[in-house]
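Chemist: This is the content of structure-v4.csv (CSV, C-alpha atoms):
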```csv
chain,number,residue,atom,x,y,z
A,14,MET,CA,-14.3,1.1,-11.1
A,15,SER,CA,-17.2,-0.5,-9.4
A,16,THR,CA,-20.3,1.5,-9.0
A,17,GLU,CA,-20.3,0.3,-5.4
A,18,ILE,CA,-17.2,2.4,-4.7
A,19,HIS,CA,-18.7,5.4,-6.5
A,20,GLN,CA,-21.9,5.1,-4.3
A,21,LEU,CA,-19.8,4.7,-1.2
A,22,VAL,CA,-17.9,7.9,-2.0
A,23,ARG,CA,-21.1,9.7,-2.8
A,24,ASP,CA,-22.5,8.6,0.6
A,25,CYS,CA,-19.4,9.9,2.4
A,26,LEU,CA,-19.7,13.2,0.6
A,27,ALA,CA,-23.4,13.6,1.3
A,28,ASP,CA,-22.8,13.6,5.1
A,29,ASP,CA,-26.3,12.1,5.6
A,30,ASP,CA,-24.9,8.6,6.3
A,31,PRO,CA,-22.5,8.7,9.3
A,32,SER,CA,-21.5,5.1,8.7
A,33,ALA,CA,-20.4,5.7,5.1
A,34,MET,CA,-16.8,6.7,6.1
A,35,MET,CA,-16.5,3.7,8.4
A,36,ARG,CA,-17.6,1.4,5.5
A,37,LEU,CA,-15.0,3.1,3.3
A,38,VAL,CA,-12.3,2.6,6.0
A,39,SER,CA,-13.4,-1.0,6.5
A,40,ARG,CA,-13.2,-1.8,2.8
A,41,PHE,CA,-9.6,-0.5,2.3
A,42,ARG,CA,-8.1,-0.8,5.8
A,43,GLY,CA,-6.2,-4.0,5.1
A,44,ARG,CA,-4.7,-2.7,1.9
A,45,VAL,CA,-3.7,0.6,3.3
A,46,PHE,CA,-2.2,-0.9,6.5
A,47,GLY,CA,-0.4,-3.5,4.4
A,48,LEU,CA,1.3,-0.8,2.3
A,49,CYS,CA,2.1,1.3,5.3
A,50,TYR,CA,3.6,-1.7,7.2
A,51,ARG,CA,5.7,-2.7,4.2
A,52,MET,CA,7.0,0.8,3.8
A,53,LEU,CA,7.6,1.6,7.5
A,54,GLY,CA,8.4,-1.8,8.9
A,55,GLN,CA,6.9,-1.0,12.3
A,56,TRP,CA,3.4,-1.9,13.4
A,57,GLN,CA,2.8,1.3,15.4
A,58,ASP,CA,4.1,3.6,12.6
A,59,ALA,CA,2.0,1.8,10.1
A,60,GLU,CA,-1.1,2.3,12.3
A,61,ASP,CA,-0.3,6.0,12.6
A,62,ALA,CA,0.2,6.4,8.8
A,63,MET,CA,-3.0,4.5,8.1
A,64,GLN,CA,-5.0,6.8,10.4
A,65,GLU,CA,-3.4,9.9,8.9
A,66,THR,CA,-4.2,8.5,5.4
A,67,PHE,CA,-7.9,8.1,6.2
A,68,LEU,CA,-8.0,11.5,7.9
A,69,ARG,CA,-6.5,13.0,4.7
A,70,VAL,CA,-9.0,11.1,2.5
A,71,SER,CA,-11.9,12.3,4.5
A,72,LYS,CA,-10.7,15.9,4.3
A,73,ASN,CA,-9.9,15.7,0.5
A,74,LEU,CA,-12.5,13.3,-0.8
A,75,ARG,CA,-14.1,16.1,-2.8
A,76,ARG,CA,-10.8,16.5,-4.7
A,77,TRP,CA,-10.8,12.9,-6.0
A,78,ASP,CA,-11.4,12.7,-9.7
A,79,ALA,CA,-14.3,10.2,-10.1
A,80,SER,CA,-13.2,9.4,-13.6
A,81,ARG,CA,-10.1,7.7,-12.2
A,82,GLU,CA,-9.8,4.6,-10.0
A,83,PHE,CA,-10.2,5.3,-6.3
A,84,GLU,CA,-7.8,2.8,-4.9
A,85,PRO,CA,-4.6,4.1,-6.6
A,86,TRP,CA,-5.6,7.6,-5.3
A,87,LEU,CA,-6.0,6.2,-1.8
A,88,LEU,CA,-2.8,4.2,-1.9
A,89,THR,CA,-0.9,7.2,-3.2
A,90,ILE,CA,-2.0,9.2,-0.2
A,91,ALA,CA,-0.9,6.3,2.1
A,92,ALA,CA,2.5,6.1,0.4
A,93,ASN,CA,3.0,9.8,0.8
A,94,ARG,CA,2.1,9.6,4.5
A,95,CYS,CA,4.7,6.8,4.9
A,96,ARG,CA,7.4,8.9,3.0
A,97,THR,CA,6.7,11.8,5.4
A,98,GLN,CA,7.2,9.5,8.4
A,99,LEU,CA,10.4,8.0,6.9
A,100,ALA,CA,11.7,11.6,6.4
A,101,ARG,CA,10.9,12.4,10.0
A,102,ARG,CA,12.8,9.4,11.2
A,103,LYS,CA,16.0,10.7,9.5
A,104,HIS,CA,15.8,13.9,11.5
A,105,ARG,CA,15.4,12.2,14.8
A,106,PRO,CA,18.5,12.3,17.0
A,107,ALA,CA,20.4,9.0,17.0
A,108,THR,CA,20.2,7.1,20.3
A,109,GLU,CA,23.2,5.3,21.8
A,110,PRO,CA,22.7,1.6,22.6
A,111,MET,CA,22.7,0.7,26.3
A,112,PHE,CA,24.9,-2.3,25.7
A,113,ASP,CA,27.2,-3.6,23.0
A,114,SER,CA,26.6,-7.1,21.7
A,115,SER,CA,27.6,-8.7,18.4
A,116,ALA,CA,24.2,-10.6,18.4
A,117,THR,CA,22.4,-7.3,18.6
A,118,ASP,CA,24.6,-5.9,15.8
A,119,ARG,CA,23.8,-8.9,13.6
A,120,ARG,CA,20.0,-8.5,14.3
A,121,ASP,CA,20.3,-4.8,13.5
A,122,SER,CA,22.1,-5.6,10.3
A,123,GLU,CA,19.4,-8.2,9.3
A,124,ALA,CA,16.7,-5.7,10.2
A,125,GLN,CA,18.3,-3.0,8.1
A,126,ARG,CA,18.6,-5.5,5.2
A,127,ALA,CA,14.9,-6.4,5.6
A,128,GLN,CA,14.0,-2.7,5.7
A,129,GLN,CA,16.0,-2.1,2.6
A,130,LEU,CA,14.4,-5.0,0.8
A,131,THR,CA,11.0,-3.8,1.9
A,132,GLU,CA,11.7,-0.3,0.5
A,133,GLU,CA,13.0,-1.7,-2.8
A,134,LEU,CA,10.0,-3.9,-3.1
A,135,ASN,CA,7.6,-1.0,-2.4
A,136,GLN,CA,9.4,1.1,-5.0
A,137,ALA,CA,9.1,-1.7,-7.6
A,138,LEU,CA,5.4,-2.1,-6.6
A,139,ILE,CA,4.7,1.6,-7.0
A,140,SER,CA,6.2,1.7,-10.4
A,141,LEU,CA,4.0,-1.1,-11.8
A,142,ARG,CA,1.0,-0.3,-14.0
A,143,PRO,CA,-1.9,0.4,-11.6
A,144,GLU,CA,-3.9,-2.6,-12.7
A,145,TRP,CA,-1.0,-5.0,-12.3
A,146,ARG,CA,-0.2,-3.6,-8.9
A,147,GLN,CA,-3.7,-3.9,-7.7
A,148,ALA,CA,-4.1,-7.5,-8.9
A,149,PHE,CA,-0.6,-8.4,-7.4
A,150,GLU,CA,-1.4,-6.8,-4.0
A,151,LEU,CA,-4.9,-8.4,-3.8
A,152,PHE,CA,-3.4,-11.8,-4.6
A,153,HIS,CA,-0.1,-11.7,-2.5
A,154,GLN,CA,-1.0,-9.3,0.3
A,155,GLN,CA,-4.7,-9.7,0.8
A,156,GLN,CA,-4.6,-13.4,0.0
A,157,MET,CA,-7.6,-13.1,-2.3
A,158,SER,CA,-8.2,-15.9,-4.9
A,159,TYR,CA,-8.1,-15.1,-8.6
A,160,GLU,CA,-11.9,-15.4,-8.7
A,161,GLU,CA,-12.3,-12.9,-5.9
A,162,ILE,CA,-9.9,-10.5,-7.6
A,163,SER,CA,-11.8,-10.9,-10.8
A,164,LEU,CA,-15.0,-9.9,-9.1
A,165,GLU,CA,-13.3,-7.1,-7.1
A,166,MET,CA,-11.7,-5.6,-10.2
A,167,GLY,CA,-14.6,-6.4,-12.6
A,168,ARG,CA,-12.2,-8.1,-15.0
A,169,PRO,CA,-12.1,-11.6,-16.6
A,170,LEU,CA,-10.3,-14.3,-14.7
A,171,GLY,CA,-7.7,-14.8,-17.4
A,172,THR,CA,-6.9,-11.1,-17.4
A,173,VAL,CA,-6.4,-11.1,-13.6
A,174,LYS,CA,-4.1,-14.1,-13.8
A,175,THR,CA,-2.1,-12.4,-16.5
A,176,TRP,CA,-1.8,-9.2,-14.5
A,177,VAL,CA,-0.6,-10.9,-11.3
A,178,HIS,CA,2.0,-12.9,-13.3
A,179,ARG,CA,3.2,-9.8,-15.2
A,180,GLY,CA,3.4,-7.8,-12.0
A,181,ARG,CA,5.4,-10.5,-10.3
A,182,GLN,CA,7.8,-10.8,-13.3
A,183,GLU,CA,8.2,-7.0,-13.5
A,184,ILE,CA,9.0,-6.8,-9.8
A,185,ILE,CA,11.6,-9.6,-10.0
A,186,ARG,CA,13.1,-7.9,-13.1
A,187,LYS,CA,13.3,-4.5,-11.3
A,188,LEU,CA,14.8,-6.0,-8.1
A,189,GLN,CA,17.4,-8.0,-10.1
A,190,ARG,CA,18.3,-4.9,-12.1
A,191,ARG,CA,18.9,-3.0,-8.8
A,192,GLU,CA,20.9,-6.1,-7.6
A,193,VAL,CA,18.6,-6.5,-4.6
A,194,ILE,CA,18.0,-10.2,-5.3
```
Rewrite the structure from the file as structure tokens, please.

Modeler:
Amino acid sequence: MSTEIHQLVRDCLADDDPSAMMRLVSRFRGRVFGLCYRMLGQWQDAEDAMQETFLRVSKNLRRWDASREFEPWLLTIAANRCRTQLARRKHRPATEPMFDSSATDRRDSEAQRAQQLTEELNQALISLRPEWRQAFELFHQQQMSYEEISLEMGRPLGTVKTWVHRGRQEIIRKLQRREVI
């Protein structure tokens, strides 16, 4: 892990730098929102989950084990917030449509299929080795170059390329095994 993240966390815990938490949020906002949006499929719900995530992080930052990577800890909190929201959705009363249309039914079916694919993809992502997942997400979701990822992760360029490739292959294999693709 970069010493920059360690220092940022120390600054947040010290409470003498009010902008430290904002810098932490700025640094990870895109990744957390991306995960939340993929899991929830709705912009507003993803925003809510992201806010809940950073609130939890600020309250529990002292519990983070500094010998482990920060980002997987953060993304685990985000994924748990999303799972909580998904569970709440199941308990909401079903609403009746105001009109009946086959076009609407087709769109709903496509949306359900997209939601299912998103959930399957997220499950496959979560099950990846942490370094493969991080490299894969930085490349495919954050649109970072291999060179940028190499700097971000502090790993050689070839290693980053290998991790992205292996992550991609593993996700495809898992989705095929579950007959999603």

Chemist: Can you tell me which residues surround Ile90 (chain A) at a distance of at most 8 Å, considering all atoms listed in the file, apart from same-chain residues fewer than 2 positions away, and format the answer as a list in words?

Modeler: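 Near Ile90 (chain A), the qualifying residues are Thr66, Arg69, Val70, Trp86, Leu87, Leu88, Ala92, Asn93 and Arg94 of chain A.
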
Chemist: Given the choices A:Leu53, A:Ala148, A:Val173, A:Met157, which gets closest to Leu130 (chain A) if the distance is worked out from all atoms listed in the file?

Modeler: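 Among the listed residues, A:Leu53 lies closest to Leu130 (chain A).
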
Chemist: Would you mind reading off the distance between CA of Ala33 (chain A) and CA of Glu17 (chain A), one decimal, in Å?

Modeler: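 Straight-line distance from CA of Ala33 (chain A) to CA of Glu17 (chain A) works out to 11.8 Å.
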
Chemist: Between CA of Leu37 (chain A) and CA of Phe149 (chain A), what is the spacing in Å?

Modeler: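 So the answer is 21.3 Å.
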
Chemist: What lies within 12 Å of region 77-81 of chain A using all atoms listed in the file, ignoring chain neighbours under 6 positions off, as a list in words?

Modeler: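 With the cut-off at 12 Å, the set is Met14, Ser15, Thr16, Ile18, His19, Gln20, Leu21, Val22, Arg23, Leu26, Arg69, Val70, Ser71, Leu87, Thr89, Ile90 and Pro143 of chain A.
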
Chemist: For a test of reading the model, state the distance in Å between CA of Asp29 (chain A) and CA of Lys72 (chain A), rounded to one decimal.

Modeler: 16.1 Å

Chemist: Would you tabulate, counting all atoms listed in the file, all residues of region 117-149 of chain A that have an atom at most 10 Å from an atom of region 174-183 of chain A, showing the closest pair of atoms and their distance in Å to one decimal, sorted by chain then ascending number, as CSV?

Modeler:
```
residue,atom,partner,partner_atom,distance
A:Ala137,CA,A:Glu183,CA,8.0
A:Leu138,CA,A:Gly180,CA,8.1
A:Ser140,CA,A:Glu183,CA,9.4
A:Leu141,CA,A:Gly180,CA,6.7
A:Arg142,CA,A:Gly180,CA,8.1
A:Pro143,CA,A:Gly180,CA,9.8
A:Glu144,CA,A:Trp176,CA,7.2
A:Trp145,CA,A:Trp176,CA,4.8
A:Arg146,CA,A:Gly180,CA,6.3
A:Gln147,CA,A:Val177,CA,8.5
A:Ala148,CA,A:Val177,CA,5.4
A:Phe149,CA,A:Val177,CA,4.6
```

Chemist: Of the candidates A:Leu74, A:Asp61, A:Glu133, A:Phe67, which shows the shortest atom-to-atom distance to Arg190 (chain A), using only C-alpha atoms?

Modeler: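 Of the candidates, the smallest distance to Arg190 (chain A) is held by A:Glu133.
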
Chemist: Find, counting all atoms listed in the file, the residue in A:Pro169, A:Gly54, A:Pro85, A:Gly43 that gets nearest to Gln155 (chain A).

Modeler: A:Gly43

Chemist: Which residue gives the smallest distance to Phe46 (chain A) among A:Thr131, A:Cys95, A:Asp24, A:Glu82, with only C-alpha atoms counted?

Modeler: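 Closest residue, counting only C-alpha atoms: A:Cys95.
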